[in-house]
Structures are given as structure tokens and as C-alpha cells.
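Colleague: Contents of run-v4.txt (compact mmCIF, C-alpha atoms) are given next:
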```txt
# COMPACT_ATOMS: atom_id res chain seq x y z
CA MET A 114 -11.31 18.19 29.34
CA ASN A 115 -10.50 20.45 26.45
CA HIS A 116 -12.98 19.55 23.76
CA ALA A 117 -11.10 21.59 21.20
CA THR A 118 -8.38 18.96 21.18
CA ASN A 119 -10.79 16.22 20.14
CA ILE A 120 -9.68 16.61 16.58
CA THR A 121 -6.45 14.83 17.45
CA TRP A 122 -8.30 11.80 18.87
CA GLN A 123 -7.56 9.42 16.02
CA THR A 124 -9.96 6.61 15.27
CA SER A 125 -8.62 3.62 13.42
CA GLN A 126 -9.87 3.90 9.87
CA VAL A 127 -11.77 1.04 8.29
CA THR A 128 -9.63 -0.64 5.63
CA GLN A 129 -10.51 -2.02 2.21
CA ALA A 130 -9.78 -5.56 3.44
CA GLN A 131 -12.15 -5.07 6.36
CA ARG A 132 -14.90 -3.88 4.02
CA GLN A 133 -14.35 -6.91 1.80
CA ARG A 134 -14.49 -9.16 4.84
CA LEU A 135 -17.74 -7.53 5.96
CA LEU A 136 -19.27 -8.08 2.51
CA GLY A 137 -17.88 -11.60 2.28
CA HIS A 138 -16.00 -11.27 -1.01
CA ARG A 139 -13.15 -9.41 -2.70
CA SER A 140 -13.57 -6.30 -4.80
CA ALA A 141 -12.29 -5.49 -8.27
CA VAL A 142 -13.45 -3.80 -11.44
CA LEU A 143 -14.73 -5.90 -14.33
CA TRP A 144 -13.85 -3.55 -17.17
CA PHE A 145 -15.90 -4.41 -20.27
CA THR A 146 -14.56 -2.92 -23.51
CA GLY A 147 -15.78 -3.36 -27.06
CA LEU A 148 -17.68 -1.77 -29.94
CA SER A 149 -21.08 -0.17 -29.64
CA GLY A 150 -23.62 -3.00 -29.75
CA SER A 151 -21.07 -5.65 -28.84
CA GLY A 152 -23.06 -6.61 -25.76
CA LYS A 153 -21.10 -4.97 -22.93
CA SER A 154 -24.05 -3.61 -20.97
CA THR A 155 -26.18 -6.68 -21.53
CA ILE A 156 -23.49 -9.01 -20.18
CA ALA A 157 -22.58 -6.64 -17.33
CA ASN A 158 -26.19 -6.42 -16.17
CA ALA A 159 -26.64 -10.18 -16.44
CA VAL A 160 -23.47 -10.75 -14.41
CA GLU A 161 -24.68 -8.27 -11.79
CA LYS A 162 -27.94 -10.20 -11.52
CA ALA A 163 -26.07 -13.51 -11.18
CA LEU A 164 -23.81 -12.00 -8.49
CA TYR A 165 -26.83 -10.57 -6.66
CA ASP A 166 -28.41 -14.04 -6.65
CA ARG A 167 -25.23 -15.26 -4.93
CA GLN A 168 -25.44 -12.38 -2.43
CA ILE A 169 -22.40 -10.61 -3.84
CA SER A 170 -22.51 -6.81 -3.67
CA SER A 171 -21.86 -5.46 -7.15
CA TYR A 172 -22.66 -2.36 -9.19
CA VAL A 173 -22.70 -1.50 -12.88
CA LEU A 174 -21.36 1.81 -14.13
CA ASP A 175 -22.55 2.50 -17.67
CA GLY A 176 -23.69 5.25 -19.96
CA ASP A 177 -27.09 5.42 -18.28
CA ASN A 178 -25.83 6.42 -14.85
CA VAL A 179 -22.54 8.13 -15.76
CA ARG A 180 -22.98 9.98 -19.05
CA PHE A 181 -26.00 11.90 -17.79
CA GLY A 182 -24.52 12.51 -14.36
CA LEU A 183 -20.84 12.71 -13.51
CA ASN A 184 -19.73 13.09 -17.13
CA GLN A 185 -22.58 15.17 -18.47
CA ASN A 186 -20.13 18.02 -19.15
CA LEU A 187 -18.02 15.89 -21.51
CA GLY A 188 -18.46 15.37 -25.26
CA PHE A 189 -16.95 12.89 -27.68
CA SER A 190 -13.71 14.58 -28.71
CA ALA A 191 -10.54 12.51 -28.19
CA GLU A 192 -9.70 14.69 -25.17
CA ASP A 193 -13.16 14.32 -23.64
CA ARG A 194 -13.19 10.56 -24.26
CA THR A 195 -9.93 10.30 -22.35
CA GLU A 196 -11.28 12.38 -19.47
CA ASN A 197 -14.48 10.31 -19.55
CA ILE A 198 -12.53 7.10 -19.05
CA ARG A 199 -10.22 8.69 -16.48
CA ARG A 200 -13.17 9.73 -14.30
CA ILE A 201 -14.84 6.33 -14.65
CA GLY A 202 -11.53 4.73 -13.66
CA GLU A 203 -11.28 6.93 -10.57
CA VAL A 204 -14.87 6.21 -9.56
CA SER A 205 -14.19 2.49 -10.05
CA LYS A 206 -11.18 2.80 -7.77
CA LEU A 207 -13.37 4.33 -5.06
CA PHE A 208 -15.97 1.58 -5.45
CA VAL A 209 -13.29 -1.13 -5.28
CA ASP A 210 -11.89 0.56 -2.16
CA ALA A 211 -15.43 0.43 -0.74
CA GLY A 212 -15.45 -3.34 -1.28
CA VAL A 213 -17.90 -3.47 -4.17
CA LEU A 214 -17.42 -5.71 -7.23
CA THR A 215 -17.71 -3.05 -9.89
CA LEU A 216 -18.65 -3.56 -13.53
CA THR A 217 -18.04 -0.87 -16.14
CA ALA A 218 -19.59 -0.99 -19.60
CA PHE A 219 -18.08 1.64 -21.89
CA ILE A 220 -16.62 1.36 -25.38
CA SER A 221 -13.32 2.74 -23.98
CA PRO A 222 -11.64 2.53 -27.40
CA TYR A 223 -8.14 3.71 -26.50
CA ARG A 224 -5.66 1.19 -25.12
CA ALA A 225 -3.66 3.88 -23.33
CA ASP A 226 -6.74 5.08 -21.44
CA ARG A 227 -7.59 1.56 -20.25
CA ASP A 228 -3.99 0.87 -19.28
CA GLN A 229 -4.00 4.10 -17.29
CA VAL A 230 -6.97 2.83 -15.28
CA ARG A 231 -5.28 -0.55 -14.80
CA ALA A 232 -2.20 1.24 -13.44
CA ARG A 233 -4.34 3.21 -10.97
CA LEU A 234 -5.79 0.03 -9.46
CA GLY A 235 -4.05 -2.61 -7.38
CA ALA A 236 -2.74 -5.91 -8.70
CA SER A 237 -5.63 -8.20 -9.71
CA GLU A 238 -8.14 -5.40 -9.11
CA PHE A 239 -8.53 -4.68 -12.84
CA ILE A 240 -10.12 -7.45 -14.91
CA GLU A 241 -10.28 -6.44 -18.56
CA ILE A 242 -13.09 -8.14 -20.47
CA PHE A 243 -12.85 -7.76 -24.22
CA VAL A 244 -16.29 -8.16 -25.76
CA ASP A 245 -14.91 -9.13 -29.15
CA THR A 246 -18.09 -9.20 -31.21
CA PRO A 247 -17.28 -8.61 -34.90
CA LEU A 248 -18.11 -5.17 -36.31
CA ALA A 249 -20.40 -6.72 -38.91
CA VAL A 250 -22.49 -8.33 -36.16
CA CYS A 251 -22.64 -5.12 -34.09
CA GLU A 252 -23.64 -3.18 -37.19
CA GLN A 253 -26.31 -5.70 -38.09
CA ARG A 254 -27.82 -5.46 -34.60
CA ASP A 255 -27.61 -1.65 -34.52
CA VAL A 256 -30.03 -1.49 -31.60
CA LYS A 257 -29.59 2.27 -31.22
CA HIS A 258 -29.51 2.95 -34.99
CA LEU A 259 -26.13 4.60 -34.50
CA TYR A 260 -24.22 2.62 -37.14
CA ALA A 261 -26.76 3.61 -39.79
CA LYS A 262 -26.37 7.25 -38.81
CA ALA A 263 -22.58 6.94 -38.82
CA ARG A 264 -22.62 5.33 -42.28
CA ARG A 265 -24.78 8.18 -43.53
CA GLY A 266 -22.33 10.66 -42.05
CA GLU A 267 -24.89 12.03 -39.58
CA ILE A 268 -22.55 11.07 -36.73
CA THR A 269 -18.80 11.51 -37.03
CA GLY A 270 -16.04 10.05 -34.88
CA PHE A 271 -18.02 6.85 -34.38
CA THR A 272 -15.90 3.99 -33.08
CA GLY A 273 -15.39 1.27 -35.69
CA ILE A 274 -16.64 3.43 -38.57
CA ASP A 275 -14.51 6.58 -38.66
CA ALA A 276 -12.81 6.42 -35.25
CA PRO A 277 -10.40 3.71 -34.09
CA TYR A 278 -11.02 0.87 -31.66
CA GLU A 279 -7.81 -0.43 -30.13
CA ALA A 280 -8.34 -4.03 -28.98
CA PRO A 281 -6.78 -5.16 -25.68
CA LYS A 282 -3.51 -7.06 -26.12
CA ARG A 283 -3.80 -9.28 -23.03
CA PRO A 284 -7.35 -9.06 -21.67
CA GLU A 285 -8.13 -11.30 -18.72
CA ILE A 286 -11.28 -12.52 -20.51
CA THR A 287 -12.38 -12.46 -24.17
CA ILE A 288 -15.98 -12.97 -25.23
CA ASP A 289 -17.49 -13.12 -28.70
CA THR A 290 -21.24 -12.79 -28.33
CA SER A 291 -21.79 -13.94 -31.91
CA GLN A 292 -20.36 -17.35 -30.96
CA GLN A 293 -22.14 -18.12 -27.69
CA PRO A 294 -25.41 -17.31 -25.87
CA LEU A 295 -25.54 -14.77 -23.07
CA ALA A 296 -25.79 -17.44 -20.37
CA THR A 297 -22.46 -18.89 -21.50
CA SER A 298 -20.77 -15.49 -21.36
CA VAL A 299 -22.09 -14.96 -17.83
CA GLU A 300 -20.90 -18.42 -16.80
CA GLN A 301 -17.48 -17.72 -18.33
CA ILE A 302 -17.07 -14.63 -16.13
CA LEU A 303 -18.40 -16.28 -12.97
CA THR A 304 -16.01 -19.18 -13.50
CA TYR A 305 -13.11 -16.73 -13.77
CA LEU A 306 -14.16 -14.92 -10.59
CA THR A 307 -14.59 -18.15 -8.67
CA ALA A 308 -11.32 -19.68 -9.88
CA ASN A 309 -9.41 -16.55 -8.90
CA GLY A 310 -10.89 -16.25 -5.42
CA TYR A 311 -12.91 -13.06 -5.94
CA LEU A 312 -16.12 -14.52 -4.55
CA THR A 313 -14.73 -15.35 -1.13
CA ALA A 314 -13.53 -13.00 1.59
CA PRO A 315 -9.81 -12.29 1.99
CA ASN A 316 -8.16 -14.17 4.82
CA GLY A 317 -6.53 -12.78 7.89
CA VAL A 318 -8.94 -9.94 8.55
CA ALA A 319 -11.20 -10.14 11.54
CA ALA A 320 -14.87 -9.48 10.86
CA PRO A 321 -16.50 -7.00 13.27
CA MET B 1350 -30.59 -20.16 -32.75
CA ASN B 1351 -29.32 -16.84 -33.93
CA HIS B 1352 -26.78 -15.78 -31.33
CA ALA B 1353 -26.62 -12.30 -32.80
CA THR B 1354 -30.04 -11.61 -31.32
CA ASN B 1355 -28.89 -12.31 -27.79
CA ILE B 1356 -28.44 -8.63 -27.23
CA THR B 1357 -32.21 -8.29 -27.04
CA TRP B 1358 -32.50 -10.92 -24.29
CA GLN B 1359 -33.25 -8.57 -21.43
CA THR B 1360 -32.26 -9.52 -17.91
CA SER B 1361 -34.10 -7.90 -15.06
CA GLN B 1362 -31.78 -5.30 -13.62
CA VAL B 1363 -30.97 -5.29 -9.94
CA THR B 1364 -32.63 -2.33 -8.22
CA GLN B 1365 -31.40 0.03 -5.51
CA ALA B 1366 -33.96 -1.41 -3.07
CA GLN B 1367 -32.71 -4.94 -3.76
CA ARG B 1368 -29.12 -3.86 -3.10
CA GLN B 1369 -30.21 -2.24 0.18
CA ARG B 1370 -32.06 -5.41 1.12
CA LEU B 1371 -28.98 -7.50 0.35
CA LEU B 1372 -26.83 -5.25 2.55
CA GLY B 1373 -29.47 -5.10 5.27
CA HIS B 1374 -29.82 -1.33 5.53
CA ARG B 1375 -30.85 1.74 3.57
CA SER B 1376 -28.46 4.00 1.73
CA ALA B 1377 -28.03 7.78 1.82
CA VAL B 1378 -25.30 10.37 1.84
CA LEU B 1379 -24.24 11.95 5.12
CA TRP B 1380 -23.00 15.26 3.75
CA PHE B 1381 -20.68 16.93 6.27
CA THR B 1382 -20.09 20.63 5.68
CA GLY B 1383 -18.10 23.13 7.71
CA LEU B 1384 -14.88 25.12 7.94
CA SER B 1385 -11.41 23.68 7.53
CA GLY B 1386 -10.50 22.10 10.88
CA SER B 1387 -14.10 21.93 12.06
CA GLY B 1388 -13.85 18.15 12.47
CA LYS B 1389 -15.70 16.86 9.40
CA SER B 1390 -13.25 14.09 8.46
CA THR B 1391 -12.65 13.06 12.05
CA ILE B 1392 -16.36 12.62 12.74
CA ALA B 1393 -17.00 10.97 9.36
CA ASN B 1394 -14.26 8.40 9.94
CA ALA B 1395 -15.45 7.72 13.48
CA VAL B 1396 -19.01 7.23 12.23
CA GLU B 1397 -17.75 4.88 9.52
CA LYS B 1398 -15.95 2.83 12.19
CA ALA B 1399 -19.09 2.73 14.36
CA LEU B 1400 -21.19 1.64 11.36
CA TYR B 1401 -18.63 -1.02 10.43
CA ASP B 1402 -18.84 -2.39 13.97
CA ARG B 1403 -22.58 -2.73 13.40
CA GLN B 1404 -21.93 -4.47 10.07
CA ILE B 1405 -23.27 -1.56 8.03
CA SER B 1406 -21.56 -1.02 4.68
CA SER B 1407 -20.37 2.58 4.50
CA TYR B 1408 -17.68 4.60 2.76
CA VAL B 1409 -16.07 8.00 3.33
CA LEU B 1410 -15.34 10.32 0.42
CA ASP B 1411 -12.89 13.03 1.46
CA GLY B 1412 -9.96 15.05 0.23
CA ASP B 1413 -7.59 12.12 0.57
CA ASN B 1414 -9.33 9.85 -1.91
CA VAL B 1415 -11.05 12.43 -4.15
CA ARG B 1416 -8.79 15.47 -4.48
CA PHE B 1417 -5.81 13.40 -5.64
CA GLY B 1418 -7.91 11.15 -7.85
CA LEU B 1419 -11.17 12.07 -9.52
CA ASN B 1420 -10.75 15.81 -8.94
CA GLN B 1421 -7.01 16.15 -9.38
CA ASN B 1422 -7.61 18.34 -12.43
CA LEU B 1423 -9.55 20.94 -10.41
CA GLY B 1424 -8.20 23.94 -8.51
CA PHE B 1425 -9.78 26.26 -5.97
CA SER B 1426 -11.42 28.91 -8.15
CA ALA B 1427 -15.14 29.44 -7.53
CA GLU B 1428 -15.86 27.59 -10.78
CA ASP B 1429 -13.63 24.64 -9.88
CA ARG B 1430 -15.06 24.46 -6.36
CA THR B 1431 -18.52 24.19 -7.84
CA GLU B 1432 -17.40 21.45 -10.25
CA ASN B 1433 -15.62 19.73 -7.35
CA ILE B 1434 -18.83 19.53 -5.35
CA ARG B 1435 -20.89 18.61 -8.40
CA ARG B 1436 -18.67 15.60 -9.13
CA ILE B 1437 -18.65 14.51 -5.48
CA GLY B 1438 -22.43 14.78 -5.50
CA GLU B 1439 -22.69 12.61 -8.60
CA VAL B 1440 -20.32 10.01 -7.16
CA SER B 1441 -22.37 10.02 -3.93
CA LYS B 1442 -25.49 9.40 -5.99
CA LEU B 1443 -23.85 6.35 -7.59
CA PHE B 1444 -22.76 5.02 -4.18
CA VAL B 1445 -26.25 5.54 -2.75
CA ASP B 1446 -27.69 3.73 -5.77
CA ALA B 1447 -25.24 0.90 -5.01
CA GLY B 1448 -26.72 0.67 -1.50
CA VAL B 1449 -23.78 2.10 0.43
CA LEU B 1450 -24.20 4.55 3.33
CA THR B 1451 -21.90 7.27 2.02
CA LEU B 1452 -20.17 9.97 4.07
CA THR B 1453 -18.64 13.02 2.41
CA ALA B 1454 -16.28 15.36 4.24
CA PHE B 1455 -15.64 18.54 2.25
CA ILE B 1456 -15.86 22.20 3.23
CA SER B 1457 -18.49 22.67 0.47
CA PRO B 1458 -18.87 26.36 1.33
CA TYR B 1459 -21.56 27.34 -1.19
CA ARG B 1460 -25.19 26.74 -0.26
CA ALA B 1461 -26.27 26.56 -3.91
CA ASP B 1462 -23.77 23.77 -4.62
CA ARG B 1463 -24.99 21.70 -1.68
CA ASP B 1464 -28.63 22.29 -2.58
CA GLN B 1465 -27.85 21.15 -6.12
CA VAL B 1466 -26.58 17.84 -4.75
CA ARG B 1467 -29.64 17.52 -2.50
CA ALA B 1468 -31.86 18.02 -5.54
CA ARG B 1469 -30.00 15.28 -7.45
CA LEU B 1470 -30.67 12.72 -4.71
CA GLY B 1471 -33.96 11.18 -3.69
CA ALA B 1472 -36.10 12.27 -0.76
CA SER B 1473 -34.35 11.46 2.54
CA GLU B 1474 -31.21 10.35 0.69
CA PHE B 1475 -29.35 13.59 1.52
CA ILE B 1476 -28.57 14.18 5.18
CA GLU B 1477 -26.83 17.51 5.64
CA ILE B 1478 -24.60 17.61 8.71
CA PHE B 1479 -23.42 21.09 9.63
CA VAL B 1480 -20.21 20.85 11.64
CA ASP B 1481 -20.69 24.25 13.24
CA THR B 1482 -17.38 24.63 15.05
CA PRO B 1483 -16.61 28.35 15.56
CA LEU B 1484 -13.95 29.86 13.31
CA ALA B 1485 -11.86 30.84 16.34
CA VAL B 1486 -11.71 27.20 17.47
CA CYS B 1487 -10.85 25.94 13.97
CA GLU B 1488 -8.16 28.60 13.67
CA GLN B 1489 -6.74 27.73 17.08
CA ARG B 1490 -6.46 24.04 16.11
CA ASP B 1491 -5.00 24.81 12.66
CA VAL B 1492 -3.85 21.20 12.27
CA LYS B 1493 -2.68 21.77 8.71
CA HIS B 1494 -1.24 25.27 9.41
CA LEU B 1495 -3.50 26.63 6.70
CA TYR B 1496 -5.13 29.40 8.75
CA ALA B 1497 -1.70 30.81 9.63
CA LYS B 1498 -0.75 30.82 5.97
CA ALA B 1499 -4.05 32.42 5.01
CA ARG B 1500 -3.63 35.14 7.67
CA ARG B 1501 -0.16 35.85 6.30
CA GLY B 1502 -1.62 36.06 2.80
CA GLU B 1503 0.32 33.05 1.56
CA ILE B 1504 -2.97 31.39 0.65
CA THR B 1505 -5.81 33.38 -0.85
CA GLY B 1506 -9.45 32.44 -1.24
CA PHE B 1507 -9.36 30.51 2.05
CA THR B 1508 -12.83 29.75 3.41
CA GLY B 1509 -13.60 31.75 6.56
CA ILE B 1510 -10.67 34.15 6.06
CA ASP B 1511 -11.03 35.74 2.65
CA ALA B 1512 -13.64 33.48 1.05
CA PRO B 1513 -17.22 33.00 2.21
CA TYR B 1514 -18.74 30.06 4.08
CA GLU B 1515 -22.49 29.87 3.64
CA ALA B 1516 -23.99 27.96 6.56
CA PRO B 1517 -26.87 25.55 5.89
CA LYS B 1518 -30.30 26.98 6.65
CA ARG B 1519 -32.04 23.74 7.59
CA PRO B 1520 -29.42 21.03 8.08
CA GLU B 1521 -30.71 17.65 9.24
CA ILE B 1522 -28.03 17.60 11.98
CA THR B 1523 -25.89 20.34 13.58
CA ILE B 1524 -22.75 19.59 15.56
CA ASP B 1525 -20.43 21.95 17.42
CA THR B 1526 -17.26 20.03 18.21
CA SER B 1527 -16.15 22.72 20.66
CA GLN B 1528 -19.15 21.86 22.85
CA GLN B 1529 -19.06 18.05 22.95
CA PRO B 1530 -16.57 15.19 22.66
CA LEU B 1531 -16.24 13.15 19.49
CA ALA B 1532 -18.08 10.15 20.95
CA THR B 1533 -21.15 12.35 21.55
CA SER B 1534 -21.10 13.61 17.96
CA VAL B 1535 -20.91 10.04 16.67
CA GLU B 1536 -23.77 9.00 18.97
CA GLN B 1537 -25.83 12.00 17.78
CA ILE B 1538 -25.51 10.83 14.17
CA LEU B 1539 -26.15 7.15 14.93
CA THR B 1540 -29.26 8.11 16.89
CA TYR B 1541 -30.53 10.09 13.89
CA LEU B 1542 -29.87 7.19 11.52
CA THR B 1543 -31.56 4.70 13.81
CA ALA B 1544 -34.57 6.90 14.53
CA ASN B 1545 -35.12 7.48 10.82
CA GLY B 1546 -34.87 3.84 9.81
CA TYR B 1547 -31.63 4.00 7.84
CA LEU B 1548 -30.01 1.11 9.67
CA THR B 1549 -32.64 -1.46 8.76
CA ALA B 1550 -33.50 -2.86 5.34
CA PRO B 1551 -36.43 -1.45 3.37
CA ASN B 1552 -39.56 -3.57 3.46
CA GLY B 1553 -41.31 -5.22 0.62
CA VAL B 1554 -38.28 -6.34 -1.35
CA ALA B 1555 -37.47 -10.01 -1.54
CA ALA B 1556 -33.91 -10.94 -0.63
CA PRO B 1557 -32.19 -13.25 -3.13
```
Spit out the file's structure as C-alpha cells when you get a sec.
Modeller:
Amino acid sequence: MNHATNITWQTSQVTQAQRQRLLGHRSAVLWFTGLSGSGKSTIANAVEKALYDRQISSYVLDGDNVRFGLNQNLGFSAEDRTENIRRIGEVSKLFVDAGVLTLTAFISPYRADRDQVRARLGASEFIEIFVDTPLAVCEQRDVKHLYAKARRGEITGFTGIDAPYEAPKRPEITIDTSQQPLATSVEQILTYLTANGYLTAPNGVAAP
Amino acid sequence: MNHATNITWQTSQVTQAQRQRLLGHRSAVLWFTGLSGSGKSTIANAVEKALYDRQISSYVLDGDNVRFGLNQNLGFSAEDRTENIRRIGEVSKLFVDAGVLTLTAFISPYRADRDQVRARLGASEFIEIFVDTPLAVCEQRDVKHLYAKARRGEITGFTGIDAPYEAPKRPEITIDTSQQPLATSVEQILTYLTANGYLTAPNGVAAP
């Protein structure tokens, strides 16, 4: 036997559908978008917890694990914001391919950038969730004291103050956290996922 | 009730250990390194298939899904190669945090770049697998006809021909595909994973 020819011994590759079947549910990205302080991360983390309790494999990508890692070499210029979202979109695509229900919590203010990510993913793999909390409410919360700094001019290019936020035109889900408690927002998302078959495995793929 | 204060209602976040427990095994990155044609992707894909058959959730990052996606804006200069590996390392870290056994198949020729990734991951989360197939064997295979092009000078900066490959000093696993069939290499890796407890869930974490 000529071992050097082993490289041509092709193994069947594991497919996305097989990974979903193994995990027992479909995969997609829940793309949260909205102003700073709108509640994106809070809802995303609460949904992850609810999914975990139902034994669904999910993962949250947010500023904490992306801005200081993968995207640590990016700033907040328009160009860098676009590259920031592009990379997050590509990582989401990998996670979805791996079978994981992926949640992203970034302001992602530009419509074109979000639509670019949507185009990179398969049909029904991109679920846009517009966290439509009014600016006044976000600014009143100001958990990170960023709005105050932006108003004082200590931060420039801050979304909602002196940089644009382009709202989604046809988001799959819209949430206004000033109108309902967190538990209701979580329930709203779980209902959507259940109704659209995300929480059950795809048919027609044999489990190992 | 003031709904605007919901943002401060903290949910307990799901931890890496809980995700591992849910999936029933530990997570780590199996970092394959070696020359072009050494067999990295072939072994990685075969290991993924073997893990899938054991109902282990794993995922392969390789040129196919990374070079044309996340790293499409990088070339092959020394600087871009370093950024290429840095990004792959950061994505691996996210996947490991998500509980997935992650396999990466890239030449990753620079020792410093690989050590940087190792340093970014937790203890025993980085398993370096040196696919130590001799250059002559890789060049004889030349599946992608790249060595021929490099010898003719049509490609420059090609690892092993006119660019350096820095072999790992203390890899966790070493494989020479010219000395053993693919099945043996797969078995070698599975034995390592089993012996070191990767294929069973961590203790002390309650499942949901």
C-alpha cells in the first residue's frame, strides 16, 4: 500500500443538516439591532438562557467577546464599523454552519451592512430583531454613561446623537423594551422560533 | 412598574462549562499545522466524521470556509498571514467558548503566531497537531499543483519552497502521513482525546 496516496481517500464530510440533526434543532442567527442601551444584550442573554433551559445549543456574540478579541484592531470610523459587522456576519455564518443558534447583539446602525450579512446567509437563516426602544428611553437609562459623554461632545460619532441609526425596513421581529417587560420580549422571540420550526431538527437527515 | 428599568434585570449568563455539559463533552481546538499537501484538511475532516459518529459536536475551520469569507480581505504577506492566523485563533476561541470541539486546518507556518493563539486559549484548550509529512512527499502529491508553480517561480512566498515553515517544538500530537494510513491518524487523535477526557462532560455542572 502506498501511504502517500492516502490524501486522495475522501471521507464524506459532515453537513450542516447533519449537525442540526445531531443537536436536535435548526440553526440561524438572531441578529439584534438597535441603539446603545436599547436592551439588545440583555434580551439576547435572556433568550440564550431560555434556550439552554430547553437544551438548545446557542451562543451570544456581543461586544464583550468580539470587540476585545476578533475585532480589537478596529475602531469606530464608518469603514471600521462596516468591517466590524462584516466579520461578525462571517463568524455568524460559520456558527450557523456548525448548527448553533447564534445571537448577535451589536448596534449595527447601517442598513446596507445588515443586508449584506442577510445576503451571505441562507434563506430563513437570518432573523433580524429590531430592538426599537426610543432614543429618549435609551438616553435616560444611559447605563454606560455614553449618552452623557456624547451630549458633552466627549465622544463623537455616537449612534443616535451625531451618527445615524438606520432602522430595519422589514425586520422579522420588532421589540420595544419601554412597552413590555423582559420576560415578554423573550417569550415573543421563543414563540417566533417555535412557530417557524427552528427548535426542532430538520427532517430527512439520519442521525448517527 | 417602570419598564425602562428592565435593562438592569440581570439574567444569569450561560457558562462555557454549562454548554459543554449540555453537549456532553469538553471543548478545545485541535490546531493542525503543516505544509501544503501534508494532509491537514483530510485528517481534520475524517476526525470530524468520526466525532460525529460518536455524537460529538465538532466543526472544521479551513481554507474553504474562512479564506473566502472572514479572511477574504487578507493576502499572503507576512503581515496578512499573521492577521489570518490571529483571526482564526479568535474565532476558535469563540467556538470553544460555545462548547464545540473545533478543528483548524491551516499551514500556520509561524511558531509565534501559533503560540499567540495558544496563549489566548485556556489551559488544555489548545491541542497542537503537527502533520509532519516530509516536504518531498507533499511535493510529490501536489494535489493543487502549487508546488510545481512555486518551483517555476509562478508563485512566490510559498511555504517550504521560498518561505519558512517553523515546526512546533512541543506539539501535543505528531503525525507523519507518509508512515501510516489515514485511519491510524484518526485513531491516534481519538485516543488522545479519550485519554485526556475531552469526550466526556466536565463534572460538577448541573445539566438543565
Colleague: Could you please select, counting all atoms listed in the file, the residues of chain B within 7 Å of chain A and state them as a ChimeraX atom specification?
Modeller: /B:1352-1353,1355-1356,1360,1362-1363,1371,1388,1391,1394-1395,1398,1401-1402,1404,1408,1418-1419,1436,1439-1440,1447,1486,1527-1531,1557
Colleague: So how far away is atom CA of A:Val230 from atom CA of B:Gly1412, in Å?
Modeller: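 Between these atoms lies a distance of 20.0 Å.
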Colleague: Compare B:Thr1431, B:Ser1441, B:Ser1426, B:Ser1457 by their minimum atom-to-atom distance to B:Tyr1514, counting only C-alpha atoms, and give me the closest one.
Modeller: B:Ser1457
Colleague: Do a neighbour search on B:Val1480 at 6 Å with all atoms listed in the file, toss out local chain neighbours closer than 3 positions, and write the hits as a list in words.
Modeller: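 Within the cut-off, the hits are Thr1382, Gly1383, Ile1524 and Asp1525 of chain B.
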Colleague: Just how far from atom CA of B:Glu1515 is atom CA of B:Thr1540, in Å to one decimal?
Modeller: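 Going from atom CA of B:Thr1540 over to atom CA of B:Glu1515, I get 26.4 Å.
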